[in-house]
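With mmCIF, C-alpha atoms inside, this is data-v2.cif:
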data_input
#
loop_
_atom_site.label_atom_id
_atom_site.label_comp_id
_atom_site.auth_asym_id
_atom_site.auth_seq_id
_atom_site.Cartn_x
_atom_site.Cartn_y
_atom_site.Cartn_z
CA MET A 14 21.72 -17.83 -10.40
CA SER A 15 19.64 -16.93 -13.49
CA HIS A 16 18.38 -13.39 -14.16
CA GLU A 17 14.78 -14.42 -13.42
CA HIS A 18 15.74 -16.06 -10.08
CA ARG A 19 17.71 -12.93 -9.09
CA LEU A 20 14.75 -10.74 -10.05
CA ARG A 21 12.35 -12.92 -8.00
CA PHE A 22 14.67 -12.86 -4.95
CA LYS A 23 15.22 -9.08 -5.18
CA THR A 24 11.48 -8.46 -5.57
CA LEU A 25 10.57 -10.82 -2.69
CA PHE A 26 13.13 -9.20 -0.35
CA THR A 27 11.92 -5.67 -1.20
CA VAL A 28 8.25 -6.65 -0.81
CA LEU A 29 8.96 -8.24 2.63
CA LEU A 30 10.77 -5.09 3.79
CA MET A 31 7.90 -3.01 2.39
CA VAL A 32 5.31 -5.08 4.31
CA GLY A 33 7.28 -4.86 7.59
CA CYS A 34 7.56 -1.07 7.36
CA ALA A 35 3.85 -0.73 6.42
CA ASN A 36 2.70 -2.93 9.34
CA VAL A 37 4.70 -1.11 12.00
CA GLY A 38 3.81 2.28 10.48
CA ASP A 39 0.05 1.54 10.43
CA LEU A 40 0.17 0.20 13.98
CA LEU A 41 1.86 3.40 15.19
CA LEU A 42 -0.66 5.52 13.23
CA LYS A 43 -3.52 3.73 15.02
CA ARG A 44 -1.79 4.35 18.38
CA GLY A 45 -1.39 8.05 17.54
CA MET A 46 -4.95 8.51 16.27
CA THR A 47 -6.39 6.71 19.30
CA HIS A 48 -4.53 9.25 21.44
CA ILE A 49 -5.89 12.19 19.37
CA GLY A 50 -9.49 10.89 19.28
CA ALA A 51 -12.23 10.65 16.60
CA VAL A 52 -11.81 13.25 13.82
CA HIS A 53 -14.86 15.43 13.02
CA VAL A 54 -15.22 16.09 9.28
CA THR A 55 -15.87 19.84 9.63
CA PRO A 56 -13.45 22.70 8.81
CA VAL A 57 -12.74 23.20 12.54
CA GLY A 58 -12.49 19.44 13.22
CA LEU A 59 -10.11 18.85 10.28
CA LYS A 60 -7.96 21.85 11.30
CA TYR A 61 -7.77 20.53 14.88
CA ALA A 62 -6.91 17.03 13.62
CA PHE A 63 -4.19 18.40 11.31
CA PHE A 64 -2.44 20.35 14.09
CA SER A 65 -2.85 17.44 16.55
CA THR A 66 -1.26 14.99 14.11
CA VAL A 67 1.74 17.22 13.28
CA GLN A 68 2.42 17.64 17.03
CA ASN A 69 2.17 13.91 17.81
CA GLY A 70 5.50 12.05 18.14
CA THR A 71 3.95 8.61 17.50
CA ILE A 72 2.51 9.86 14.19
CA TRP A 73 5.98 11.14 13.15
CA LEU A 74 7.54 7.80 14.04
CA ALA A 75 4.83 6.10 11.97
CA ILE A 76 5.60 8.45 9.06
CA GLY A 77 9.27 7.37 9.29
CA PHE A 78 8.27 3.71 8.83
CA LEU A 79 5.82 4.65 6.07
CA LEU A 80 8.64 6.52 4.28
CA GLY A 81 10.61 3.26 4.43
CA PHE A 82 7.58 1.53 2.92
CA THR A 83 7.34 4.18 0.16
CA LEU A 84 11.02 3.84 -0.73
CA CYS A 85 10.69 0.04 -0.99
CA TYR A 86 7.48 0.41 -3.00
CA MET A 87 8.94 3.01 -5.40
CA SER A 88 12.00 0.84 -5.84
CA ALA A 89 10.00 -2.38 -6.44
CA VAL A 90 7.67 -0.89 -9.06
CA SER A 91 10.68 0.53 -10.94
CA TRP A 92 11.60 -3.04 -12.03
CA ALA A 93 8.49 -5.15 -11.30
CA ASP A 94 4.88 -4.84 -12.48
CA TYR A 95 2.47 -2.78 -10.40
CA SER A 96 -0.08 -5.62 -10.69
CA TYR A 97 2.58 -7.94 -9.12
CA VAL A 98 3.90 -5.68 -6.33
CA MET A 99 0.48 -4.45 -5.21
CA PRO A 100 -1.19 -7.86 -4.58
CA ALA A 101 2.08 -9.39 -3.28
CA GLY A 102 2.04 -6.73 -0.57
CA ALA A 103 -1.34 -8.11 0.56
CA PHE A 104 0.62 -10.66 2.63
CA GLY A 105 0.84 -7.74 5.07
CA TYR A 106 -2.87 -8.09 5.88
CA ALA A 107 -2.16 -11.38 7.70
CA THR A 108 0.71 -9.93 9.74
CA GLN A 109 -1.26 -6.71 10.35
CA THR A 110 -4.23 -8.71 11.72
CA LEU A 111 -1.87 -10.69 13.95
CA LEU A 112 -0.29 -7.46 15.23
CA ALA A 113 -3.76 -5.95 15.86
CA LEU A 114 -4.59 -9.03 17.96
CA VAL A 115 -1.31 -9.24 19.87
CA VAL A 116 -0.30 -5.59 20.29
CA LEU A 117 -3.62 -3.69 20.28
CA HIS A 118 -5.72 -6.59 21.73
CA GLU A 119 -8.41 -6.13 19.06
CA ALA A 120 -11.08 -8.87 18.76
CA VAL A 121 -10.45 -10.89 15.56
CA SER A 122 -13.22 -13.41 14.71
CA GLY A 123 -12.75 -16.79 12.95
CA LYS A 124 -14.46 -15.38 9.84
CA ARG A 125 -11.92 -12.57 9.68
CA TRP A 126 -9.05 -15.09 9.94
CA ILE A 127 -10.60 -17.10 7.06
CA GLY A 128 -10.65 -13.87 5.04
CA VAL A 129 -6.96 -13.33 5.81
CA PHE A 130 -6.22 -16.96 4.80
CA VAL A 131 -8.00 -16.45 1.44
CA ILE A 132 -5.92 -13.26 0.93
CA CYS A 133 -2.72 -15.27 1.53
CA ILE A 134 -3.73 -17.92 -1.08
CA GLY A 135 -4.35 -15.08 -3.54
CA VAL A 136 -0.92 -13.65 -2.74
CA LEU A 137 0.75 -17.05 -3.31
CA LEU A 138 -0.94 -17.31 -6.73
CA VAL A 139 0.22 -13.80 -7.69
CA GLY A 140 3.76 -14.61 -6.47
CA GLN A 141 4.00 -17.51 -8.96
CA THR A 142 3.54 -15.21 -11.96
CA LYS A 143 6.37 -13.32 -13.73
CA PRO A 144 7.18 -10.04 -11.90
CA ASN A 145 7.71 -8.04 -15.13
CA THR A 146 5.51 -8.47 -18.22
CA THR A 147 6.28 -5.16 -19.94
CA ASN A 148 9.40 -3.83 -21.73
CA PRO A 149 12.53 -3.20 -19.60
CA PRO A 150 12.35 0.29 -18.01
CA GLN A 151 14.28 3.12 -19.68
CA VAL A 152 16.63 5.06 -17.42
CA ALA A 153 16.21 8.84 -17.72
CA SER A 154 19.38 10.60 -18.81
CA MET B 28 -21.15 3.28 9.12
CA ILE B 29 -22.08 5.44 6.08
CA LYS B 30 -19.37 7.98 6.88
CA VAL B 31 -16.81 5.14 7.13
CA ILE B 32 -17.88 3.82 3.67
CA LEU B 33 -17.74 7.36 2.15
CA MET B 34 -14.29 7.98 3.60
CA LEU B 35 -13.23 4.53 2.29
CA GLY B 36 -14.37 5.67 -1.17
CA VAL B 37 -12.13 8.76 -0.91
CA LEU B 38 -9.23 6.58 0.31
CA ILE B 39 -9.61 4.00 -2.50
CA CYS B 40 -9.95 6.57 -5.34
CA ALA B 41 -7.02 8.71 -4.13
CA SER B 42 -4.87 5.67 -3.37
CA ALA B 43 -5.45 3.86 -6.72
CA GLY B 44 -4.99 7.10 -8.72
CA GLY B 45 -1.86 8.04 -6.78
CA GLU B 46 -0.26 4.59 -7.04
CA ILE B 47 -0.89 4.30 -10.78
CA ALA B 48 0.55 7.80 -11.38
CA MET B 49 3.55 6.93 -9.15
CA THR B 50 4.15 3.64 -10.99
CA TYR B 51 4.04 5.39 -14.38
CA GLY B 52 6.44 8.01 -13.04
CA MET B 53 8.81 5.35 -11.64
CA LYS B 54 8.87 3.44 -14.94
CA ARG B 55 9.97 6.69 -16.60
CA THR B 56 12.49 7.40 -13.81
CA GLY B 57 14.26 4.05 -14.15
CA GLU B 58 15.41 1.32 -11.77
CA LEU B 59 17.15 1.91 -8.40
CA ASP B 60 20.71 0.56 -8.96
CA GLY B 61 21.49 -0.29 -5.29
CA PHE B 62 20.74 0.65 -1.67
CA HIS B 63 23.87 2.79 -1.25
CA PRO B 64 22.91 6.32 -0.01
CA ARG B 65 24.43 7.85 -3.17
CA SER B 66 22.37 5.53 -5.39
CA ILE B 67 19.21 6.37 -3.43
CA LEU B 68 19.91 10.13 -3.77
CA ARG B 69 20.52 9.76 -7.53
CA PHE B 70 17.29 7.77 -7.84
CA LEU B 71 15.30 10.36 -5.83
CA SER B 72 16.76 13.30 -7.80
CA ARG B 73 15.62 11.59 -11.05
CA ALA B 74 12.17 10.91 -9.52
CA VAL B 75 11.51 14.52 -8.40
CA ARG B 76 12.07 15.71 -11.99
CA CYS B 77 9.16 13.56 -13.23
CA SER B 78 5.75 15.32 -13.47
CA TRP B 79 3.84 12.06 -12.92
CA VAL B 80 5.44 11.77 -9.49
CA TRP B 81 4.15 15.29 -8.67
CA LEU B 82 0.64 14.26 -9.74
CA ALA B 83 0.90 11.22 -7.48
CA VAL B 84 2.06 13.14 -4.38
CA PRO B 85 -1.17 15.17 -3.65
CA LEU B 86 -3.33 12.11 -4.39
CA LEU B 87 -1.27 10.00 -1.97
CA ALA B 88 -1.46 12.84 0.63
CA ILE B 89 -5.28 12.81 0.39
CA SER B 90 -5.20 9.03 0.71
CA PHE B 91 -2.96 9.31 3.82
CA TYR B 92 -5.23 11.82 5.57
CA SER B 93 -8.36 9.78 4.82
CA LEU B 94 -6.55 6.77 6.32
CA LEU B 95 -5.78 8.78 9.48
CA ILE B 96 -9.45 9.82 9.77
CA LEU B 97 -10.60 6.21 9.27
CA LEU B 98 -8.15 4.95 11.91
CA SER B 99 -9.62 7.44 14.39
CA TRP B 100 -13.10 5.98 13.71
CA ALA B 101 -12.65 2.19 13.37
CA PRO B 102 -10.34 -0.71 14.44
CA ILE B 103 -7.14 -1.22 12.43
CA SER B 104 -8.03 -4.88 11.70
CA LEU B 105 -11.04 -3.56 9.76
CA VAL B 106 -9.63 -0.37 8.18
CA ILE B 107 -6.42 -1.82 6.70
CA PRO B 108 -8.01 -4.87 4.98
CA ALA B 109 -10.94 -2.67 3.81
CA SER B 110 -8.47 -0.36 2.08
CA ALA B 111 -7.52 -3.31 -0.18
CA PHE B 112 -10.65 -2.65 -2.25
CA ASN B 113 -8.31 -0.68 -4.50
CA TYR B 114 -6.83 -4.01 -5.71
CA VAL B 115 -9.52 -4.39 -8.34
CA THR B 116 -9.38 -0.74 -9.53
CA GLY B 117 -5.57 -0.88 -9.35
CA THR B 118 -5.29 -4.06 -11.45
CA ILE B 119 -7.78 -2.71 -14.02
CA GLY B 120 -5.73 0.52 -14.13
CA ALA B 121 -2.49 -1.48 -14.51
CA LYS B 122 -3.95 -3.40 -17.46
CA TYR B 123 -5.57 -0.51 -19.34
CA LEU B 124 -3.45 2.53 -18.36
CA LEU B 125 0.00 1.00 -17.77
CA ARG B 126 -0.49 -1.70 -20.49
CA GLU B 127 0.70 -4.46 -18.16
CA HIS B 128 -0.12 -8.03 -19.17
CA VAL B 129 -2.31 -9.48 -16.40
CA THR B 130 -2.36 -13.29 -16.79
CA PRO B 131 -5.45 -15.37 -15.84
CA LYS B 132 -3.47 -16.81 -12.89
CA ARG B 133 -2.70 -13.30 -11.62
CA TRP B 134 -6.37 -12.29 -12.08
CA LEU B 135 -7.38 -15.36 -10.05
CA GLY B 136 -4.96 -14.32 -7.28
CA VAL B 137 -6.30 -10.76 -7.28
CA VAL B 138 -9.92 -12.04 -7.18
CA LEU B 139 -9.04 -14.29 -4.20
CA VAL B 140 -7.39 -11.34 -2.43
CA PHE B 141 -10.53 -9.30 -3.11
CA LEU B 142 -12.85 -12.09 -1.80
CA GLY B 143 -10.69 -12.42 1.31
CA VAL B 144 -10.94 -8.69 1.89
CA LEU B 145 -14.74 -8.85 1.48
CA LEU B 146 -14.87 -11.61 4.11
CA VAL B 147 -12.73 -9.53 6.49
CA VAL B 148 -14.85 -6.40 5.97
CA SER B 149 -18.12 -8.33 6.47
CA THR B 150 -17.02 -9.02 10.06
CA GLY B 151 -16.85 -5.28 10.82
#
What do you get writing this file as structure tokens?
Amino acid sequence: MSHEHRLRFKTLFTVLLMVGCANVGDLLLKRGMTHIGAVHVTPVGLKYAFFSTVQNGTIWLAIGFLLGFTLCYMSAVSWADYSYVMPAGAFGYATQTLLALVVLHEAVSGKRWIGVFVICIGVLLVGQTKPNTTNPPQVAS
Amino acid sequence: MIKVILMLGVLICASAGGEIAMTYGMKRTGELDGFHPRSILRFLSRAVRCSWVWLAVPLLAISFYSLLILLSWAPISLVIPASAFNYVTGTIGAKYLLREHVTPKRWLGVVLVFLGVLLVVSTG
């Protein structure tokens, strides 16, 4: 397997893991915030929201998944371009919309699905470009 | 709806700034050489010594809290795609701040992602 093929496979695997963690994490965040209720943007409201979120188990579980996402993201951008990893992660919008429909029973219109389809075409185009267009990263001593 | 758009503005600015600073910091930190716990710890210990990572952390924290506020106000199938507005600012930042070479094909992909996001948000 050539270096470029290995790089593509490694990047694809990391991006897929990143998307999975982000989707589950966001879904759990929504669950947690629905339980807490609408946040009021006032000093008292923000203070209440802060203490409610740090005491909410679902939010902490979500943070665990989002930490997984961050680790995958940090790892991916250490070898691949930011302008490759960022749009490639947009594939997650399709799976997130599906999860919103199936798990949270949110209403998703045909127009919204078309939007998600256009996002996926954009992601496919980005995925066909070279993951790294800059110099190889230098490892700190 | 105005408060949702304002909070989206906070989310997009903090998120794009934080991600660009994090990417710059990670390029200086170097590549993760495996998923072994020891490799991950070595990678993290290199990352925490980089000042760009510490600039990224508060920006990403602001972005996280604005996301939580938005999720308490609107459906997830609207909030998450709407947050992708940072794709354009992010790609411009990648080209001019990180000096990445963004090919026409990649620009076309990013524009399509952006148009798709606009379509999704218009249904909100």
Hits from the PyMOL selection byres ((chain B) within 8 of (chain A)), listed as JSON, numbers by chain: {"B": [47, 49, 50, 53, 54, 55, 56, 57, 58, 59, 73, 95, 96, 98, 99, 100, 102, 103, 104, 107, 108, 111, 114, 117, 118, 121, 126, 127, 128, 129, 130, 132, 133, 135, 136, 137, 138, 139, 140, 141, 142, 143, 144, 145, 146, 147, 148, 150]}
Point (-1.9, 6.8, -13.1), cut-off 9 Å, counting all atoms listed in the file, residues as a PyMOL selection string: chain B and resi 43-52+79+82-83+120-121+124-125
Resolved residues for the PyMOL selection byres ((chain B and resi 34) around 12) as an MDAnalysis selection string: (chainID A and resid 52 54) or (chainID B and resid 28:33 35:42 89:101 106 109:110)
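One distance worth recording is that between CA of Ala35 (chain A) and CA of Gly70 (chain A), which is 17.4 Å.
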Separation of CA of Leu30 (chain A) from CA of Trp81 (chain B) in Å: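 Separation of CA of Trp81 (chain B) and CA of Leu30 (chain A): 24.8 Å.
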Two-atom distance - CA of Ser66 (chain B), CA of Leu86 (chain B) (Å):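 Going from CA of Ser66 (chain B) over to CA of Leu86 (chain B) covers 26.5 Å.
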Using 8 Å of padding on each side, determine the axis-aligned box around all atoms of region 31-44 of chain A present in the file and give its centre and edge lengths in Å to one decimal, as JSON.
{"center_x": 2.2, "center_y": 0.2, "center_z": 10.4, "size_x": 27.4, "size_y": 26.6, "size_z": 32.0}
